[in-house]
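> Take this structure first; my questions come after.
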Amino acid sequence: MKEKLSNLPLATKALLATPAAVLLVLLILTTPAIGVPLAVILLLVFRPKLLSPRWWREFLRQGP
C-alpha cells in the first residue's frame with residue numbers, strides 16, 4: 001500500500017489528503033475535546049520527531 005501511494009503524482013496525493021485535513025480542522029474547531037487528542041495521536045503516529053524537544057530546539061536555532 002505504501003509503495004502504491006508513493007508512486008502517485010503529488011497532485012493526486014494532495015487531492016486525497018485535503019478532505020481528511022479539512023475534516024480534522026473542523027473537528028478541532030467544533031469539538032476540541034475530541035479533535036485535539038486525535039491530532040496529537042496522529043502526530044505521534046506519523047511524525048513522532050515533532051514532539052521531541054531536541055527537534056524543536058534545532059528548528060528554532062535555524063532562524064529565518
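FYI, nothing fancy with the C-alpha cells labels: chains A, B, ... in order, residues from 1 per chain, ligands from 1 as they appear.
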Pick out each residue of chain A that DSSP on the backbone tags as alpha helix (DSSP H); I need them as an mmCIF file with all heavy atoms, in the first residue's frame.

data_model
loop_
_atom_site.group_PDB
_atom_site.id
_atom_site.type_symbol
_atom_site.label_atom_id
_atom_site.label_comp_id
_atom_site.auth_asym_id
_atom_site.auth_seq_id
_atom_site.Cartn_x
_atom_site.Cartn_y
_atom_site.Cartn_z
ATOM 1 N N LYS A 2 1.928 1.250 0.837
ATOM 2 C CA LYS A 2 2.783 2.420 0.916
ATOM 3 C C LYS A 2 3.460 2.700 -0.421
ATOM 4 O O LYS A 2 3.608 3.852 -0.828
ATOM 5 C CB LYS A 2 3.842 2.201 1.999
ATOM 6 C CG LYS A 2 3.978 3.324 2.953
ATOM 7 C CD LYS A 2 5.015 3.003 4.000
ATOM 8 C CE LYS A 2 4.924 3.995 5.114
ATOM 9 N NZ LYS A 2 5.907 3.769 6.146
ATOM 10 N N GLU A 3 3.883 1.629 -1.119
ATOM 11 C CA GLU A 3 4.534 1.798 -2.417
ATOM 12 C C GLU A 3 3.560 2.359 -3.447
ATOM 13 O O GLU A 3 3.939 3.188 -4.272
ATOM 14 C CB GLU A 3 5.100 0.470 -2.898
ATOM 15 C CG GLU A 3 6.292 0.002 -2.099
ATOM 16 C CD GLU A 3 6.798 -1.344 -2.574
ATOM 17 O OE1 GLU A 3 6.393 -1.801 -3.659
ATOM 18 O OE2 GLU A 3 7.594 -1.933 -1.836
ATOM 19 N N LYS A 4 2.308 1.918 -3.384
ATOM 20 C CA LYS A 4 1.314 2.437 -4.320
ATOM 21 C C LYS A 4 1.105 3.934 -4.099
ATOM 22 O O LYS A 4 1.005 4.703 -5.048
ATOM 23 C CB LYS A 4 -0.008 1.694 -4.157
ATOM 24 C CG LYS A 4 0.017 0.282 -4.673
ATOM 25 C CD LYS A 4 -1.338 -0.369 -4.495
ATOM 26 C CE LYS A 4 -1.304 -1.814 -4.954
ATOM 27 N NZ LYS A 4 -2.603 -2.460 -4.773
ATOM 28 N N LEU A 5 1.034 4.348 -2.831
ATOM 29 C CA LEU A 5 0.848 5.774 -2.538
ATOM 30 C C LEU A 5 2.074 6.587 -2.917
ATOM 31 O O LEU A 5 1.957 7.715 -3.390
ATOM 32 C CB LEU A 5 0.532 5.967 -1.052
ATOM 33 C CG LEU A 5 -0.862 5.552 -0.614
ATOM 34 C CD1 LEU A 5 -0.996 5.701 0.893
ATOM 35 C CD2 LEU A 5 -1.917 6.346 -1.324
ATOM 36 N N SER A 6 3.259 6.030 -2.733
ATOM 37 C CA SER A 6 4.470 6.793 -3.046
ATOM 38 C C SER A 6 4.639 6.977 -4.543
ATOM 39 O O SER A 6 5.321 7.906 -4.978
ATOM 40 C CB SER A 6 5.700 6.114 -2.453
ATOM 41 O OG SER A 6 5.904 4.862 -3.062
ATOM 42 N N LEU A 10 2.090 14.041 -7.129
ATOM 43 C CA LEU A 10 1.886 14.923 -5.979
ATOM 44 C C LEU A 10 0.473 15.511 -5.956
ATOM 45 O O LEU A 10 -0.141 15.614 -4.901
ATOM 46 C CB LEU A 10 2.928 16.042 -5.993
ATOM 47 C CG LEU A 10 2.888 17.005 -4.832
ATOM 48 C CD1 LEU A 10 3.116 16.257 -3.528
ATOM 49 C CD2 LEU A 10 3.921 18.092 -5.013
ATOM 50 N N ALA A 11 -0.044 15.884 -7.099
ATOM 51 C CA ALA A 11 -1.389 16.469 -7.144
ATOM 52 C C ALA A 11 -2.441 15.470 -6.657
ATOM 53 O O ALA A 11 -3.386 15.843 -5.963
ATOM 54 C CB ALA A 11 -1.717 16.923 -8.561
ATOM 55 N N THR A 12 -2.262 14.207 -6.993
ATOM 56 C CA THR A 12 -3.206 13.185 -6.546
ATOM 57 C C THR A 12 -3.111 12.996 -5.043
ATOM 58 O O THR A 12 -4.130 12.847 -4.359
ATOM 59 C CB THR A 12 -2.920 11.853 -7.269
ATOM 60 O OG1 THR A 12 -2.957 12.080 -8.669
ATOM 61 C CG2 THR A 12 -3.948 10.808 -6.899
ATOM 62 N N LYS A 13 -1.898 13.019 -4.511
ATOM 63 C CA LYS A 13 -1.727 12.894 -3.062
ATOM 64 C C LYS A 13 -2.402 14.060 -2.342
ATOM 65 O O LYS A 13 -3.062 13.868 -1.322
ATOM 66 C CB LYS A 13 -0.241 12.862 -2.708
ATOM 67 C CG LYS A 13 0.465 11.615 -3.133
ATOM 68 C CD LYS A 13 1.939 11.719 -2.783
ATOM 69 C CE LYS A 13 2.742 10.618 -3.411
ATOM 70 N NZ LYS A 13 4.173 10.774 -3.182
ATOM 71 N N ALA A 14 -2.230 15.260 -2.884
ATOM 72 C CA ALA A 14 -2.858 16.439 -2.281
ATOM 73 C C ALA A 14 -4.376 16.328 -2.337
ATOM 74 O O ALA A 14 -5.070 16.687 -1.386
ATOM 75 C CB ALA A 14 -2.385 17.703 -2.989
ATOM 76 N N LEU A 15 -4.879 15.829 -3.456
ATOM 77 C CA LEU A 15 -6.323 15.665 -3.610
ATOM 78 C C LEU A 15 -6.871 14.649 -2.614
ATOM 79 O O LEU A 15 -7.977 14.805 -2.101
ATOM 80 C CB LEU A 15 -6.637 15.230 -5.045
ATOM 81 C CG LEU A 15 -8.076 15.333 -5.501
ATOM 82 C CD1 LEU A 15 -8.527 16.783 -5.502
ATOM 83 C CD2 LEU A 15 -8.236 14.733 -6.866
ATOM 84 N N LEU A 16 -6.103 13.626 -2.299
ATOM 85 C CA LEU A 16 -6.541 12.628 -1.335
ATOM 86 C C LEU A 16 -6.435 13.124 0.103
ATOM 87 O O LEU A 16 -7.249 12.777 0.952
ATOM 88 C CB LEU A 16 -5.711 11.349 -1.488
ATOM 89 C CG LEU A 16 -5.927 10.550 -2.776
ATOM 90 C CD1 LEU A 16 -4.896 9.437 -2.871
ATOM 91 C CD2 LEU A 16 -7.329 10.000 -2.830
ATOM 92 N N ALA A 17 -5.431 13.937 0.392
ATOM 93 C CA ALA A 17 -5.191 14.379 1.762
ATOM 94 C C ALA A 17 -6.044 15.577 2.170
ATOM 95 O O ALA A 17 -6.332 15.751 3.357
ATOM 96 C CB ALA A 17 -3.717 14.727 1.938
ATOM 97 N N THR A 18 -6.443 16.401 1.225
ATOM 98 C CA THR A 18 -7.160 17.635 1.555
ATOM 99 C C THR A 18 -8.476 17.402 2.304
ATOM 100 O O THR A 18 -8.709 18.047 3.330
ATOM 101 C CB THR A 18 -7.401 18.465 0.281
ATOM 102 O OG1 THR A 18 -6.130 18.762 -0.299
ATOM 103 C CG2 THR A 18 -8.127 19.749 0.587
ATOM 104 N N PRO A 19 -9.355 16.510 1.862
ATOM 105 C CA PRO A 19 -10.603 16.313 2.624
ATOM 106 C C PRO A 19 -10.356 15.839 4.054
ATOM 107 O O PRO A 19 -11.038 16.283 4.985
ATOM 108 C CB PRO A 19 -11.360 15.255 1.826
ATOM 109 C CG PRO A 19 -10.772 15.297 0.465
ATOM 110 C CD PRO A 19 -9.355 15.723 0.631
ATOM 111 N N ALA A 20 -9.371 14.967 4.241
ATOM 112 C CA ALA A 20 -9.067 14.487 5.594
ATOM 113 C C ALA A 20 -8.556 15.630 6.459
ATOM 114 O O ALA A 20 -8.915 15.745 7.635
ATOM 115 C CB ALA A 20 -8.042 13.359 5.539
ATOM 116 N N ALA A 21 -7.717 16.478 5.894
ATOM 117 C CA ALA A 21 -7.184 17.607 6.654
ATOM 118 C C ALA A 21 -8.295 18.593 7.016
ATOM 119 O O ALA A 21 -8.341 19.097 8.147
ATOM 120 C CB ALA A 21 -6.098 18.309 5.850
ATOM 121 N N VAL A 22 -9.184 18.861 6.092
ATOM 122 C CA VAL A 22 -10.296 19.778 6.361
ATOM 123 C C VAL A 22 -11.205 19.205 7.455
ATOM 124 O O VAL A 22 -11.622 19.926 8.368
ATOM 125 C CB VAL A 22 -11.095 20.059 5.068
ATOM 126 C CG1 VAL A 22 -12.400 20.778 5.367
ATOM 127 C CG2 VAL A 22 -10.248 20.866 4.101
ATOM 128 N N LEU A 23 -11.488 17.916 7.385
ATOM 129 C CA LEU A 23 -12.324 17.303 8.414
ATOM 130 C C LEU A 23 -11.658 17.353 9.788
ATOM 131 O O LEU A 23 -12.321 17.603 10.792
ATOM 132 C CB LEU A 23 -12.643 15.856 8.042
ATOM 133 C CG LEU A 23 -13.646 15.677 6.919
ATOM 134 C CD1 LEU A 23 -13.768 14.201 6.557
ATOM 135 C CD2 LEU A 23 -14.990 16.249 7.297
ATOM 136 N N LEU A 24 -10.341 17.150 9.837
ATOM 137 C CA LEU A 24 -9.634 17.218 11.112
ATOM 138 C C LEU A 24 -9.676 18.635 11.680
ATOM 139 O O LEU A 24 -9.921 18.822 12.877
ATOM 140 C CB LEU A 24 -8.186 16.751 10.951
ATOM 141 C CG LEU A 24 -7.344 16.739 12.218
ATOM 142 C CD1 LEU A 24 -7.954 15.807 13.270
ATOM 143 C CD2 LEU A 24 -5.919 16.332 11.906
ATOM 144 N N VAL A 25 -9.476 19.635 10.844
ATOM 145 C CA VAL A 25 -9.540 21.029 11.311
ATOM 146 C C VAL A 25 -10.944 21.360 11.813
ATOM 147 O O VAL A 25 -11.101 21.990 12.867
ATOM 148 C CB VAL A 25 -9.109 21.999 10.188
ATOM 149 C CG1 VAL A 25 -9.432 23.440 10.542
ATOM 150 C CG2 VAL A 25 -7.621 21.845 9.905
ATOM 151 N N LEU A 26 -11.960 20.944 11.086
ATOM 152 C CA LEU A 26 -13.333 21.193 11.531
ATOM 153 C C LEU A 26 -13.636 20.480 12.848
ATOM 154 O O LEU A 26 -14.320 21.024 13.717
ATOM 155 C CB LEU A 26 -14.334 20.751 10.456
ATOM 156 C CG LEU A 26 -14.404 21.638 9.224
ATOM 157 C CD1 LEU A 26 -15.327 21.021 8.181
ATOM 158 C CD2 LEU A 26 -14.865 23.028 9.585
ATOM 159 N N LEU A 27 -13.114 19.266 13.001
ATOM 160 C CA LEU A 27 -13.315 18.534 14.244
ATOM 161 C C LEU A 27 -12.640 19.245 15.411
ATOM 162 O O LEU A 27 -13.193 19.342 16.504
ATOM 163 C CB LEU A 27 -12.785 17.107 14.099
ATOM 164 C CG LEU A 27 -13.054 16.156 15.250
ATOM 165 C CD1 LEU A 27 -14.557 15.954 15.422
ATOM 166 C CD2 LEU A 27 -12.365 14.829 15.021
ATOM 167 N N ILE A 28 -11.434 19.778 15.179
ATOM 168 C CA ILE A 28 -10.726 20.513 16.232
ATOM 169 C C ILE A 28 -11.488 21.785 16.604
ATOM 170 O O ILE A 28 -11.620 22.123 17.782
ATOM 171 C CB ILE A 28 -9.283 20.834 15.795
ATOM 172 C CG1 ILE A 28 -8.465 19.548 15.745
ATOM 173 C CG2 ILE A 28 -8.632 21.845 16.730
ATOM 174 C CD1 ILE A 28 -7.103 19.712 15.130
ATOM 175 N N LEU A 29 -12.009 22.485 15.604
ATOM 176 C CA LEU A 29 -12.715 23.743 15.874
ATOM 177 C C LEU A 29 -14.067 23.528 16.543
ATOM 178 O O LEU A 29 -14.460 24.301 17.416
ATOM 179 C CB LEU A 29 -12.912 24.520 14.571
ATOM 180 C CG LEU A 29 -11.638 25.089 13.941
ATOM 181 C CD1 LEU A 29 -11.970 25.733 12.603
ATOM 182 C CD2 LEU A 29 -10.962 26.081 14.858
ATOM 183 N N THR A 30 -14.784 22.487 16.138
ATOM 184 C CA THR A 30 -16.136 22.300 16.670
ATOM 185 C C THR A 30 -16.163 21.478 17.951
ATOM 186 O O THR A 30 -16.999 21.722 18.819
ATOM 187 C CB THR A 30 -17.045 21.624 15.630
ATOM 188 O OG1 THR A 30 -16.466 20.375 15.252
ATOM 189 C CG2 THR A 30 -17.215 22.501 14.412
ATOM 190 N N PRO A 32 -13.245 20.429 20.381
ATOM 191 C CA PRO A 32 -11.839 20.338 20.778
ATOM 192 C C PRO A 32 -11.528 19.143 21.689
ATOM 193 O O PRO A 32 -10.432 18.616 21.650
ATOM 194 C CB PRO A 32 -11.580 21.650 21.513
ATOM 195 C CG PRO A 32 -12.692 22.552 21.158
ATOM 196 C CD PRO A 32 -13.847 21.692 20.756
ATOM 197 N N ALA A 33 -12.508 18.698 22.460
ATOM 198 C CA ALA A 33 -12.264 17.577 23.369
ATOM 199 C C ALA A 33 -11.952 16.284 22.614
ATOM 200 O O ALA A 33 -11.279 15.408 23.141
ATOM 201 C CB ALA A 33 -13.470 17.364 24.271
ATOM 202 N N ILE A 34 -12.422 16.187 21.391
ATOM 203 C CA ILE A 34 -12.133 15.002 20.567
ATOM 204 C C ILE A 34 -11.036 15.318 19.551
ATOM 205 O O ILE A 34 -10.120 14.528 19.327
ATOM 206 C CB ILE A 34 -13.404 14.531 19.829
ATOM 207 C CG1 ILE A 34 -14.460 14.102 20.837
ATOM 208 C CG2 ILE A 34 -13.087 13.407 18.857
ATOM 209 C CD1 ILE A 34 -15.815 13.854 20.223
ATOM 210 N N GLY A 35 -11.115 16.488 18.928
ATOM 211 C CA GLY A 35 -10.217 16.835 17.837
ATOM 212 C C GLY A 35 -8.771 17.017 18.244
ATOM 213 O O GLY A 35 -7.859 16.572 17.542
ATOM 214 N N VAL A 36 -8.524 17.678 19.369
ATOM 215 C CA VAL A 36 -7.145 17.930 19.800
ATOM 216 C C VAL A 36 -6.424 16.632 20.160
ATOM 217 O O VAL A 36 -5.309 16.399 19.679
ATOM 218 C CB VAL A 36 -7.103 18.963 20.951
ATOM 219 C CG1 VAL A 36 -5.707 19.099 21.505
ATOM 220 C CG2 VAL A 36 -7.622 20.313 20.456
ATOM 221 N N PRO A 37 -7.013 15.747 20.973
ATOM 222 C CA PRO A 37 -6.327 14.473 21.224
ATOM 223 C C PRO A 37 -6.111 13.657 19.948
ATOM 224 O O PRO A 37 -5.078 13.010 19.785
ATOM 225 C CB PRO A 37 -7.255 13.733 22.181
ATOM 226 C CG PRO A 37 -8.061 14.796 22.821
ATOM 227 C CD PRO A 37 -8.210 15.878 21.802
ATOM 228 N N LEU A 38 -7.072 13.706 19.025
ATOM 229 C CA LEU A 38 -6.915 12.990 17.763
ATOM 230 C C LEU A 38 -5.733 13.551 16.974
ATOM 231 O O LEU A 38 -4.938 12.793 16.412
ATOM 232 C CB LEU A 38 -8.199 13.074 16.940
ATOM 233 C CG LEU A 38 -8.179 12.390 15.588
ATOM 234 C CD1 LEU A 38 -7.943 10.891 15.761
ATOM 235 C CD2 LEU A 38 -9.459 12.647 14.833
ATOM 236 N N ALA A 39 -5.587 14.875 16.946
ATOM 237 C CA ALA A 39 -4.459 15.488 16.241
ATOM 238 C C ALA A 39 -3.132 15.098 16.885
ATOM 239 O O ALA A 39 -2.158 14.813 16.194
ATOM 240 C CB ALA A 39 -4.623 17.008 16.228
ATOM 241 N N VAL A 40 -3.091 15.057 18.202
ATOM 242 C CA VAL A 40 -1.862 14.652 18.901
ATOM 243 C C VAL A 40 -1.535 13.193 18.614
ATOM 244 O O VAL A 40 -0.373 12.841 18.366
ATOM 245 C CB VAL A 40 -1.993 14.911 20.421
ATOM 246 C CG1 VAL A 40 -0.829 14.308 21.177
ATOM 247 C CG2 VAL A 40 -2.094 16.403 20.690
ATOM 248 N N ILE A 41 -2.543 12.344 18.606
ATOM 249 C CA ILE A 41 -2.318 10.931 18.292
ATOM 250 C C ILE A 41 -1.794 10.775 16.869
ATOM 251 O O ILE A 41 -0.861 10.005 16.617
ATOM 252 C CB ILE A 41 -3.614 10.118 18.499
ATOM 253 C CG1 ILE A 41 -3.926 10.026 19.989
ATOM 254 C CG2 ILE A 41 -3.507 8.739 17.877
ATOM 255 C CD1 ILE A 41 -5.309 9.485 20.289
ATOM 256 N N LEU A 42 -2.375 11.518 15.934
ATOM 257 C CA LEU A 42 -1.891 11.454 14.556
ATOM 258 C C LEU A 42 -0.446 11.942 14.449
ATOM 259 O O LEU A 42 0.343 11.395 13.688
ATOM 260 C CB LEU A 42 -2.804 12.264 13.633
ATOM 261 C CG LEU A 42 -4.187 11.658 13.391
ATOM 262 C CD1 LEU A 42 -5.064 12.616 12.617
ATOM 263 C CD2 LEU A 42 -4.067 10.338 12.664
ATOM 264 N N LEU A 43 -0.095 12.984 15.205
ATOM 265 C CA LEU A 43 1.299 13.439 15.226
ATOM 266 C C LEU A 43 2.226 12.364 15.767
ATOM 267 O O LEU A 43 3.318 12.139 15.238
ATOM 268 C CB LEU A 43 1.438 14.702 16.085
ATOM 269 C CG LEU A 43 1.230 16.032 15.402
ATOM 270 C CD1 LEU A 43 1.353 17.158 16.417
ATOM 271 C CD2 LEU A 43 2.196 16.230 14.272
ATOM 272 N N LEU A 44 1.805 11.708 16.835
ATOM 273 C CA LEU A 44 2.623 10.646 17.414
ATOM 274 C C LEU A 44 2.841 9.503 16.435
ATOM 275 O O LEU A 44 3.920 8.926 16.376
ATOM 276 C CB LEU A 44 1.963 10.102 18.682
ATOM 277 C CG LEU A 44 2.127 10.928 19.944
ATOM 278 C CD1 LEU A 44 1.238 10.367 21.047
ATOM 279 C CD2 LEU A 44 3.573 10.927 20.386
ATOM 280 N N VAL A 45 1.812 9.194 15.664
ATOM 281 C CA VAL A 45 1.908 8.067 14.740
ATOM 282 C C VAL A 45 2.727 8.426 13.502
ATOM 283 O O VAL A 45 3.623 7.688 13.103
ATOM 284 C CB VAL A 45 0.499 7.587 14.331
ATOM 285 C CG1 VAL A 45 0.565 6.585 13.195
ATOM 286 C CG2 VAL A 45 -0.210 6.992 15.528
ATOM 287 N N PHE A 46 2.448 9.589 12.904
ATOM 288 C CA PHE A 46 3.051 9.908 11.618
ATOM 289 C C PHE A 46 4.332 10.733 11.718
ATOM 290 O O PHE A 46 5.204 10.619 10.860
ATOM 291 C CB PHE A 46 2.043 10.634 10.720
ATOM 292 C CG PHE A 46 0.919 9.739 10.287
ATOM 293 C CD1 PHE A 46 -0.349 9.912 10.777
ATOM 294 C CD2 PHE A 46 1.146 8.689 9.419
ATOM 295 C CE1 PHE A 46 -1.388 9.081 10.388
ATOM 296 C CE2 PHE A 46 0.128 7.849 9.019
ATOM 297 C CZ PHE A 46 -1.145 8.051 9.501
ATOM 298 N N PRO A 53 11.660 17.583 22.103
ATOM 299 C CA PRO A 53 12.202 18.905 22.440
ATOM 300 C C PRO A 53 13.502 19.201 21.683
ATOM 301 O O PRO A 53 13.760 20.337 21.305
ATOM 302 C CB PRO A 53 12.460 18.829 23.944
ATOM 303 C CG PRO A 53 11.603 17.718 24.429
ATOM 304 C CD PRO A 53 11.462 16.764 23.296
ATOM 305 N N ARG A 54 14.307 18.179 21.433
ATOM 306 C CA ARG A 54 15.561 18.373 20.692
ATOM 307 C C ARG A 54 15.278 18.876 19.275
ATOM 308 O O ARG A 54 15.945 19.778 18.779
ATOM 309 C CB ARG A 54 16.331 17.058 20.632
ATOM 310 C CG ARG A 54 17.642 17.181 19.898
ATOM 311 C CD ARG A 54 18.354 15.855 19.793
ATOM 312 N NE ARG A 54 18.599 15.310 21.113
ATOM 313 C CZ ARG A 54 18.855 14.044 21.364
ATOM 314 N NH1 ARG A 54 18.873 13.171 20.379
ATOM 315 N NH2 ARG A 54 19.078 13.624 22.589
ATOM 316 N N TRP A 55 14.267 18.304 18.626
ATOM 317 C CA TRP A 55 13.927 18.732 17.277
ATOM 318 C C TRP A 55 13.492 20.187 17.259
ATOM 319 O O TRP A 55 13.892 20.948 16.395
ATOM 320 C CB TRP A 55 12.808 17.839 16.722
ATOM 321 C CG TRP A 55 12.510 18.128 15.287
ATOM 322 C CD1 TRP A 55 13.101 17.576 14.199
ATOM 323 C CD2 TRP A 55 11.548 19.076 14.781
ATOM 324 N NE1 TRP A 55 12.567 18.113 13.055
ATOM 325 C CE2 TRP A 55 11.615 19.021 13.375
ATOM 326 C CE3 TRP A 55 10.644 19.943 15.385
ATOM 327 C CZ2 TRP A 55 10.809 19.813 12.567
ATOM 328 C CZ3 TRP A 55 9.848 20.731 14.575
ATOM 329 C CH2 TRP A 55 9.931 20.667 13.184
ATOM 330 N N TRP A 56 12.687 20.595 18.262
ATOM 331 C CA TRP A 56 12.218 21.986 18.319
ATOM 332 C C TRP A 56 13.368 22.950 18.586
ATOM 333 O O TRP A 56 13.408 24.045 18.029
ATOM 334 C CB TRP A 56 11.127 22.138 19.382
ATOM 335 C CG TRP A 56 9.819 21.651 18.869
ATOM 336 C CD1 TRP A 56 9.221 20.463 19.146
ATOM 337 C CD2 TRP A 56 8.964 22.315 17.938
ATOM 338 N NE1 TRP A 56 8.044 20.349 18.453
ATOM 339 C CE2 TRP A 56 7.861 21.469 17.710
ATOM 340 C CE3 TRP A 56 9.026 23.539 17.284
ATOM 341 C CZ2 TRP A 56 6.820 21.822 16.837
ATOM 342 C CZ3 TRP A 56 7.986 23.881 16.427
ATOM 343 C CH2 TRP A 56 6.910 23.041 16.218
ATOM 344 N N ARG A 57 14.319 22.572 19.449
ATOM 345 C CA ARG A 57 15.477 23.447 19.699
ATOM 346 C C ARG A 57 16.280 23.660 18.419
ATOM 347 O O ARG A 57 16.646 24.785 18.088
ATOM 348 C CB ARG A 57 16.373 22.844 20.777
ATOM 349 C CG ARG A 57 15.879 23.094 22.183
ATOM 350 C CD ARG A 57 16.950 22.780 23.209
ATOM 351 N NE ARG A 57 17.343 21.377 23.167
ATOM 352 C CZ ARG A 57 16.853 20.424 23.943
ATOM 353 N NH1 ARG A 57 15.946 20.718 24.845
ATOM 354 N NH2 ARG A 57 17.255 19.184 23.831
ATOM 355 N N GLU A 58 16.524 22.593 17.672
ATOM 356 C CA GLU A 58 17.255 22.715 16.417
ATOM 357 C C GLU A 58 16.467 23.536 15.406
ATOM 358 O O GLU A 58 17.033 24.353 14.678
ATOM 359 C CB GLU A 58 17.564 21.333 15.857
ATOM 360 C CG GLU A 58 18.573 20.567 16.681
ATOM 361 C CD GLU A 58 18.760 19.144 16.182
ATOM 362 O OE1 GLU A 58 18.275 18.824 15.074
ATOM 363 O OE2 GLU A 58 19.390 18.365 16.912
ATOM 364 N N PHE A 59 15.167 23.342 15.371
ATOM 365 C CA PHE A 59 14.320 24.089 14.447
ATOM 366 C C PHE A 59 14.352 25.581 14.766
ATOM 367 O O PHE A 59 14.451 26.416 13.870
ATOM 368 C CB PHE A 59 12.890 23.549 14.517
ATOM 369 C CG PHE A 59 11.919 24.299 13.671
ATOM 370 C CD1 PHE A 59 11.914 24.139 12.303
ATOM 371 C CD2 PHE A 59 10.990 25.177 14.236
ATOM 372 C CE1 PHE A 59 11.013 24.823 11.500
ATOM 373 C CE2 PHE A 59 10.095 25.859 13.468
ATOM 374 C CZ PHE A 59 10.101 25.685 12.087
ATOM 375 N N LEU A 60 14.275 25.927 16.052
ATOM 376 C CA LEU A 60 14.255 27.333 16.444
ATOM 377 C C LEU A 60 15.621 27.987 16.260
ATOM 378 O O LEU A 60 15.716 29.198 16.048
ATOM 379 C CB LEU A 60 13.774 27.471 17.889
ATOM 380 C CG LEU A 60 12.309 27.092 18.099
ATOM 381 C CD1 LEU A 60 11.978 27.124 19.592
ATOM 382 C CD2 LEU A 60 11.392 28.013 17.334
ATOM 383 N N ARG A 61 16.696 27.235 16.352
ATOM 384 C CA ARG A 61 18.040 27.771 16.136
ATOM 385 C C ARG A 61 18.283 28.141 14.680
ATOM 386 O O ARG A 61 19.104 29.006 14.402
ATOM 387 C CB ARG A 61 19.099 26.741 16.556
ATOM 388 C CG ARG A 61 19.452 26.856 18.006
ATOM 389 C CD ARG A 61 20.692 26.036 18.279
ATOM 390 N NE ARG A 61 20.487 25.391 19.561
ATOM 391 C CZ ARG A 61 20.759 24.139 19.850
ATOM 392 N NH1 ARG A 61 21.306 23.357 18.942
ATOM 393 N NH2 ARG A 61 20.516 23.648 21.024
ATOM 394 N N GLN A 62 17.609 27.480 13.760
ATOM 395 C CA GLN A 62 17.844 27.734 12.333
ATOM 396 C C GLN A 62 17.496 29.165 11.951
ATOM 397 O O GLN A 62 18.167 29.766 11.146
ATOM 398 C CB GLN A 62 17.026 26.766 11.482
ATOM 399 C CG GLN A 62 17.541 25.361 11.518
ATOM 400 C CD GLN A 62 16.657 24.434 10.717
ATOM 401 O OE1 GLN A 62 15.659 24.843 10.138
ATOM 402 N NE2 GLN A 62 17.030 23.164 10.689
#
